[in-house]
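entry-v1.csv follows (CSV, C-alpha atoms and all ligand atoms):
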```
chain,number,residue,atom,x,y,z
A,29,MET,CA,0.0,0.0,0.0
A,30,LEU,CA,1.1,3.5,-0.7
A,31,THR,CA,1.0,6.2,2.0
A,32,LEU,CA,1.4,9.9,1.2
A,33,TYR,CA,2.2,12.4,4.0
A,34,GLY,CA,1.4,16.0,3.1
A,35,ARG,CA,-1.3,18.6,2.8
A,36,ARG,CA,-3.6,19.6,0.0
A,37,ASP,CA,-2.5,23.3,0.1
A,38,SER,CA,1.1,22.5,-0.4
A,39,SER,CA,2.1,22.8,-4.1
A,40,ASN,CA,4.6,20.0,-3.8
A,41,THR,CA,2.0,17.7,-2.3
A,42,ALA,CA,-0.6,18.8,-4.8
A,43,LYS,CA,1.3,17.7,-7.8
A,44,VAL,CA,1.8,14.2,-6.3
A,45,LEU,CA,-2.0,14.0,-5.5
A,46,TRP,CA,-2.6,14.9,-9.1
A,47,LEU,CA,-0.4,12.1,-10.4
A,48,LEU,CA,-1.9,9.5,-8.0
A,49,ASP,CA,-5.4,10.6,-9.2
A,50,GLU,CA,-4.2,10.4,-12.9
A,51,LEU,CA,-2.8,6.9,-12.4
A,52,THR,CA,-5.8,5.9,-10.3
A,53,LEU,CA,-3.5,4.5,-7.6
A,54,PRO,CA,-5.1,3.8,-4.2
A,55,PHE,CA,-3.3,5.3,-1.3
A,56,ASP,CA,-3.6,6.4,2.3
A,57,PHE,CA,-3.3,10.1,2.9
A,58,VAL,CA,-1.8,11.3,6.2
A,59,LEU,CA,-2.4,15.0,6.7
A,60,THR,CA,1.0,16.4,7.7
A,61,GLY,CA,2.7,19.8,7.8
A,62,GLY,CA,1.4,23.3,8.0
A,63,LYS,CA,-1.6,23.5,10.5
A,64,PHE,CA,-1.6,19.7,10.8
A,65,GLY,CA,2.0,19.5,12.1
A,66,GLY,CA,3.6,16.1,12.6
A,67,ASN,CA,6.5,16.9,10.4
A,68,ASP,CA,8.8,17.6,13.3
A,69,ASP,CA,7.9,14.3,15.1
A,70,GLN,CA,10.7,11.8,15.5
A,71,ASP,CA,8.8,9.2,13.4
A,72,PHE,CA,8.4,11.6,10.5
A,73,LEU,CA,12.0,12.9,10.8
A,74,GLN,CA,13.2,9.3,10.5
A,75,MET,CA,11.5,9.2,7.1
A,76,ASN,CA,12.6,12.6,6.0
A,77,PRO,CA,15.3,14.3,8.1
A,78,PHE,CA,14.5,17.7,6.6
A,79,GLY,CA,10.9,17.6,8.0
A,80,LYS,CA,9.3,18.5,4.7
A,81,VAL,CA,6.3,17.2,2.8
A,82,PRO,CA,5.5,15.4,0.7
A,83,VAL,CA,6.8,12.0,1.7
A,84,LEU,CA,5.8,8.7,0.1
A,85,ARG,CA,6.0,5.4,1.9
A,86,HIS,CA,5.6,2.2,-0.1
A,87,GLY,CA,6.4,-0.8,2.0
A,88,ASP,CA,10.1,-0.4,3.0
A,89,VAL,CA,10.7,2.3,0.4
A,90,ILE,CA,10.6,6.0,1.6
A,91,VAL,CA,10.7,8.7,-1.0
A,92,TRP,CA,11.0,12.4,-0.3
A,93,GLU,CA,11.5,15.4,-2.8
A,94,SER,CA,8.3,15.8,-4.8
A,95,ASN,CA,9.9,15.3,-8.2
A,96,ALA,CA,11.5,12.0,-7.0
A,97,VAL,CA,8.1,11.0,-5.7
A,98,LEU,CA,6.5,11.7,-9.1
A,99,ARG,CA,9.2,9.7,-10.9
A,100,TYR,CA,8.8,6.8,-8.5
A,101,LEU,CA,5.0,6.6,-8.8
A,102,ALA,CA,5.1,6.9,-12.6
A,103,SER,CA,7.7,4.1,-12.8
A,104,LEU,CA,5.3,1.7,-10.9
A,105,GLN,CA,3.5,1.4,-14.2
A,106,ASP,CA,5.1,-0.5,-17.0
A,107,SER,CA,4.2,2.1,-19.6
A,108,SER,CA,2.9,5.6,-19.0
A,109,SER,CA,3.0,8.4,-21.5
A,110,LEU,CA,3.4,10.7,-18.5
A,111,TRP,CA,6.9,9.2,-17.9
A,112,PRO,CA,8.0,7.1,-20.9
A,113,GLN,CA,10.6,4.4,-20.7
A,114,GLU,CA,12.8,5.6,-23.6
A,115,VAL,CA,15.8,7.5,-22.2
A,116,GLY,CA,15.7,10.4,-24.6
A,117,GLU,CA,12.1,11.1,-24.0
A,118,LYS,CA,12.7,10.9,-20.3
A,119,ALA,CA,15.5,13.4,-20.6
A,120,GLU,CA,13.2,15.9,-22.3
A,121,ILE,CA,10.8,15.7,-19.4
A,122,ASP,CA,13.5,15.6,-16.7
A,123,ARG,CA,15.1,18.9,-17.9
A,124,TRP,CA,11.8,20.7,-17.5
A,125,MET,CA,11.2,19.2,-14.0
A,126,ASP,CA,14.6,20.4,-12.9
A,127,TRP,CA,14.2,23.8,-14.6
A,128,SER,CA,10.8,24.3,-12.9
A,129,SER,CA,12.1,23.4,-9.4
A,130,ILE,CA,15.4,25.2,-9.6
A,131,SER,CA,14.9,28.2,-11.8
A,132,LEU,CA,11.2,29.0,-12.0
A,133,THR,CA,9.6,28.3,-8.6
A,134,PRO,CA,12.0,29.7,-6.1
A,135,PRO,CA,11.9,33.4,-7.4
A,136,LEU,CA,8.1,33.1,-7.6
A,137,THR,CA,7.9,31.8,-4.0
A,138,ARG,CA,10.1,34.7,-2.9
A,139,LEU,CA,7.9,37.2,-4.7
A,140,ARG,CA,4.7,35.7,-3.2
A,141,LYS,CA,6.2,36.0,0.3
A,142,ALA,CA,7.4,39.5,-0.3
A,143,MET,CA,3.9,40.5,-1.6
A,144,LYS,CA,2.3,39.1,1.5
A,145,ALA,CA,4.8,41.1,3.7
A,146,GLY,CA,4.3,44.2,1.6
A,147,THR,CA,8.0,44.3,0.6
A,148,ALA,CA,7.9,43.3,-3.1
A,149,ASP,CA,10.0,45.5,-5.3
A,150,ASP,CA,10.7,45.7,-9.0
A,151,ALA,CA,13.8,43.4,-8.8
A,152,ALA,CA,11.8,40.7,-7.1
A,153,ARG,CA,9.0,41.0,-9.7
A,154,GLN,CA,11.5,41.0,-12.6
A,155,SER,CA,13.3,37.9,-11.3
A,156,ALA,CA,10.0,36.0,-10.7
A,157,MET,CA,8.5,36.9,-14.1
A,158,ALA,CA,11.4,36.5,-16.4
A,159,PRO,CA,11.3,32.6,-16.5
A,160,PHE,CA,7.6,32.8,-17.3
A,161,ALA,CA,8.2,35.1,-20.2
A,162,GLN,CA,10.8,32.6,-21.5
A,163,VAL,CA,8.5,29.6,-21.2
A,164,ASN,CA,5.7,31.6,-22.8
A,165,ALA,CA,7.8,31.7,-26.0
A,166,TRP,CA,8.3,27.9,-25.9
A,167,LEU,CA,4.6,27.3,-25.4
A,168,GLY,CA,3.9,29.2,-28.6
A,169,ASN,CA,5.2,26.1,-30.4
A,170,ASN,CA,4.4,23.3,-28.0
A,171,ARG,CA,1.0,22.2,-26.6
A,172,TYR,CA,2.7,20.8,-23.5
A,173,LEU,CA,6.2,21.4,-22.1
A,174,ALA,CA,7.7,18.2,-23.5
A,175,GLY,CA,5.7,18.0,-26.7
A,176,GLU,CA,2.2,17.1,-27.7
A,177,HIS,CA,0.9,15.5,-24.5
A,178,LEU,CA,0.8,15.8,-20.8
A,179,THR,CA,3.9,14.5,-18.9
A,180,LEU,CA,5.5,14.8,-15.5
A,181,ALA,CA,7.1,18.0,-16.8
A,182,ASP,CA,3.7,19.7,-16.8
A,183,MET,CA,2.8,18.3,-13.4
A,184,THR,CA,5.9,19.8,-11.9
A,185,PHE,CA,5.4,23.2,-13.6
A,186,ALA,CA,1.6,23.5,-13.2
A,187,PRO,CA,1.4,24.7,-9.6
A,188,SER,CA,3.7,27.7,-10.4
A,189,ALA,CA,2.0,28.4,-13.7
A,190,TYR,CA,-1.4,28.5,-11.9
A,191,ARG,CA,0.0,30.8,-9.2
A,192,TYR,CA,1.6,33.1,-11.9
A,193,CYS,CA,-1.9,33.5,-13.3
A,194,LEU,CA,-3.2,34.6,-9.9
A,195,LEU,CA,-0.6,37.4,-9.6
A,196,GLN,CA,-1.8,41.0,-9.8
A,197,ASP,CA,0.1,43.3,-12.2
A,198,LYS,CA,1.7,40.5,-14.2
A,199,ALA,CA,2.9,40.7,-17.8
A,200,SER,CA,0.3,39.3,-20.2
A,201,LEU,CA,1.6,36.0,-21.5
A,202,PRO,CA,-1.0,34.6,-24.0
A,203,ASN,CA,0.7,31.3,-24.7
A,204,LEU,CA,1.0,30.6,-21.0
A,205,GLU,CA,-2.6,31.5,-20.4
A,206,THR,CA,-3.8,29.2,-23.2
A,207,TYR,CA,-1.7,26.4,-21.8
A,208,VAL,CA,-3.2,26.9,-18.3
A,209,GLU,CA,-6.7,26.8,-19.8
A,210,ARG,CA,-5.7,23.6,-21.5
A,211,LEU,CA,-4.6,22.1,-18.2
A,212,ASN,CA,-7.9,23.2,-16.7
A,213,GLU,CA,-9.7,20.8,-19.0
A,214,ASN,CA,-8.1,18.0,-17.0
A,215,ALA,CA,-10.4,17.1,-14.1
A,216,ALA,CA,-7.6,15.8,-11.8
A,217,TYR,CA,-5.7,19.1,-12.4
A,218,ARG,CA,-8.8,21.0,-11.3
A,219,ARG,CA,-9.2,18.8,-8.2
A,220,HIS,CA,-5.6,19.1,-7.0
A,221,ILE,CA,-4.2,22.3,-8.4
A,222,SER,CA,-6.7,25.0,-9.4
A,223,ARG,CA,-9.2,24.2,-6.6
A,224,ALA,CA,-6.7,23.4,-3.9
A,225,LEU,CA,-4.0,26.1,-4.3
A,226,THR,CA,-4.1,29.8,-3.6
B,1,LIG,N1,12.1,20.5,-2.6
B,1,LIG,C1,11.1,19.9,-1.7
B,1,LIG,C2,10.4,21.0,-1.0
B,1,LIG,C3,9.5,20.5,0.1
B,1,LIG,C4,8.9,21.7,0.9
B,1,LIG,O1,9.4,22.8,1.0
B,1,LIG,N2,7.6,21.4,1.4
B,1,LIG,C5,6.9,22.4,2.1
B,1,LIG,C6,5.4,22.4,1.7
B,1,LIG,S1,5.3,22.8,-0.1
B,1,LIG,C7,6.9,22.0,3.6
B,1,LIG,O2,7.1,20.9,4.0
B,1,LIG,N3,6.7,23.0,4.4
B,1,LIG,C8,6.6,22.8,5.9
B,1,LIG,C9,5.2,22.4,6.3
B,1,LIG,O3,4.3,22.1,5.4
B,1,LIG,O4,5.0,22.4,7.5
B,1,LIG,C10,10.1,19.1,-2.5
B,1,LIG,O5,9.9,19.3,-3.8
B,1,LIG,O6,9.5,18.1,-2.0
```
Reformat the file's structure so that it appears as structure tokens.
Amino acid sequence: MLTLYGRRDSSNTAKVLWLLDELTLPFDFVLTGGKFGGNDDQDFLQMNPFGKVPVLRHGDVIVWESNAVLRYLASLQDSSSLWPQEVGEKAEIDRWMDWSSISLTPPLTRLRKAMKAGTADDAARQSAMAPFAQVNAWLGNNRYLAGEHLTLADMTFAPSAYRYCLLQDKASLPNLETYVERLNENAAYRRHISRALT
């Protein structure tokens, strides 16, 4: 049995919930982190010494880091277009997963925090918005990040793309907006991303 520890309003948990739903995998969900707490408990820290969610437990296997969890879950199925077996196709997806987590999401998270604190300045806005302008150009020629269909690349990118669309005073990025509308046609995306995240 699969057990997921996390909370629905965590973007890193939300993308894992989306994938579990997409793959119709049964799992136990243990609400952890944020107002639910539990992530500083010794039992939890033995699974993830960093005290962060999500964490996936599958028998004796413990997986933390949301992108690693996505790859693990998708690999449980012999063949999934979300995470194909061919190494070149995998690399195309992987590069977007790393890019989203390393280059796109951190400046956006910093901007969102600064906006809440009333300290957002032009430099923070520019640094958060520049990667979205770059991906907007890519999405002019690609329906999804890694080509013509949904993959783990989109599942990693989607929470931040959705949150970009919620920002006030953002640059208009028509290809990104069309892409987010396309994602919104997916019921599992709506359940776990657009209805769950703020
Ligand atoms: N790089 C990690 C980041 C994990 C992370 O920062 N998780 C946040 C929630 S999105 C967390 O655990 N915050 C503490 C809490 O929820 O109490 C991943 O992708 O899993």
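Nearest to A:Ser131 of all the residues A:Phe185, A:Trp166, A:Tyr100, A:Trp92 is A:Phe185, based on all atoms listed in the file.
Atom CA of A:Pro134 lies 20.7 Å from atom CA of A:Ser200.
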Up to 9 Å from (2.6, 15.4, -15.5) in the file's coordinates: name the residues, counting all atoms listed in the file, as number ranges by chain.
A: 43, 46-47, 50, 98, 110-111, 178-186
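Minimum distance to A:Met125 across A:Leu211, A:Ala174, A:Ala161, A:Ala152 (counting all atoms listed in the file) occurs at A:Ala174.
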At most 6 Å from ligand LIG 1 (chain B) (all atoms listed in the file): residue list as a ChimeraX atom specification
/A:38-40,61-62,80-82,93-95
Would you mind listing what lies within 6 Å of A:Ala156 as an mmCIF file with C-alpha atoms, in the frame of the given file, with only C-alpha atoms counted and same-chain residues fewer than 2 positions away left out?
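So the final result, stored in part_14.cif, reads:
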```
data_model
loop_
_atom_site.group_PDB
_atom_site.id
_atom_site.type_symbol
_atom_site.label_atom_id
_atom_site.label_comp_id
_atom_site.auth_asym_id
_atom_site.auth_seq_id
_atom_site.Cartn_x
_atom_site.Cartn_y
_atom_site.Cartn_z
ATOM 1 C CA PRO A 135 11.900 33.400 -7.400
ATOM 2 C CA LEU A 136 8.100 33.100 -7.600
ATOM 3 C CA ARG A 153 9.000 41.000 -9.700
ATOM 4 C CA GLN A 154 11.500 41.000 -12.600
ATOM 5 C CA ALA A 158 11.400 36.500 -16.400
#
```
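Taking all atoms listed in the file into account, A:Ser155 lies nearest to A:Arg138 out of the set A:Arg85, A:Arg171, A:Arg191, A:Arg138.
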For A:Ala224, which residue among A:Leu132, A:Met29, A:Ala42, A:Ala142 is the nearest when counting only C-alpha atoms?
A:Ala42
For atom CA of A:Thr41 and atom CA of A:His220, the interatomic separation in Å (one decimal):
9.0 Å
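Atom pair atom CA of A:Thr31 / atom CA of A:Phe57 has a distance of 5.9 Å (rounded to one decimal).
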Using only C-alpha atoms, can you tell me which of A:Asn164, A:Asn212, A:Leu30, A:Arg36 comes closest to A:His86?
A:Leu30
Among A:Leu204, A:Leu195, A:Leu104, A:Val97, A:Gly168 is approached most closely, using all atoms listed in the file, by A:Leu204
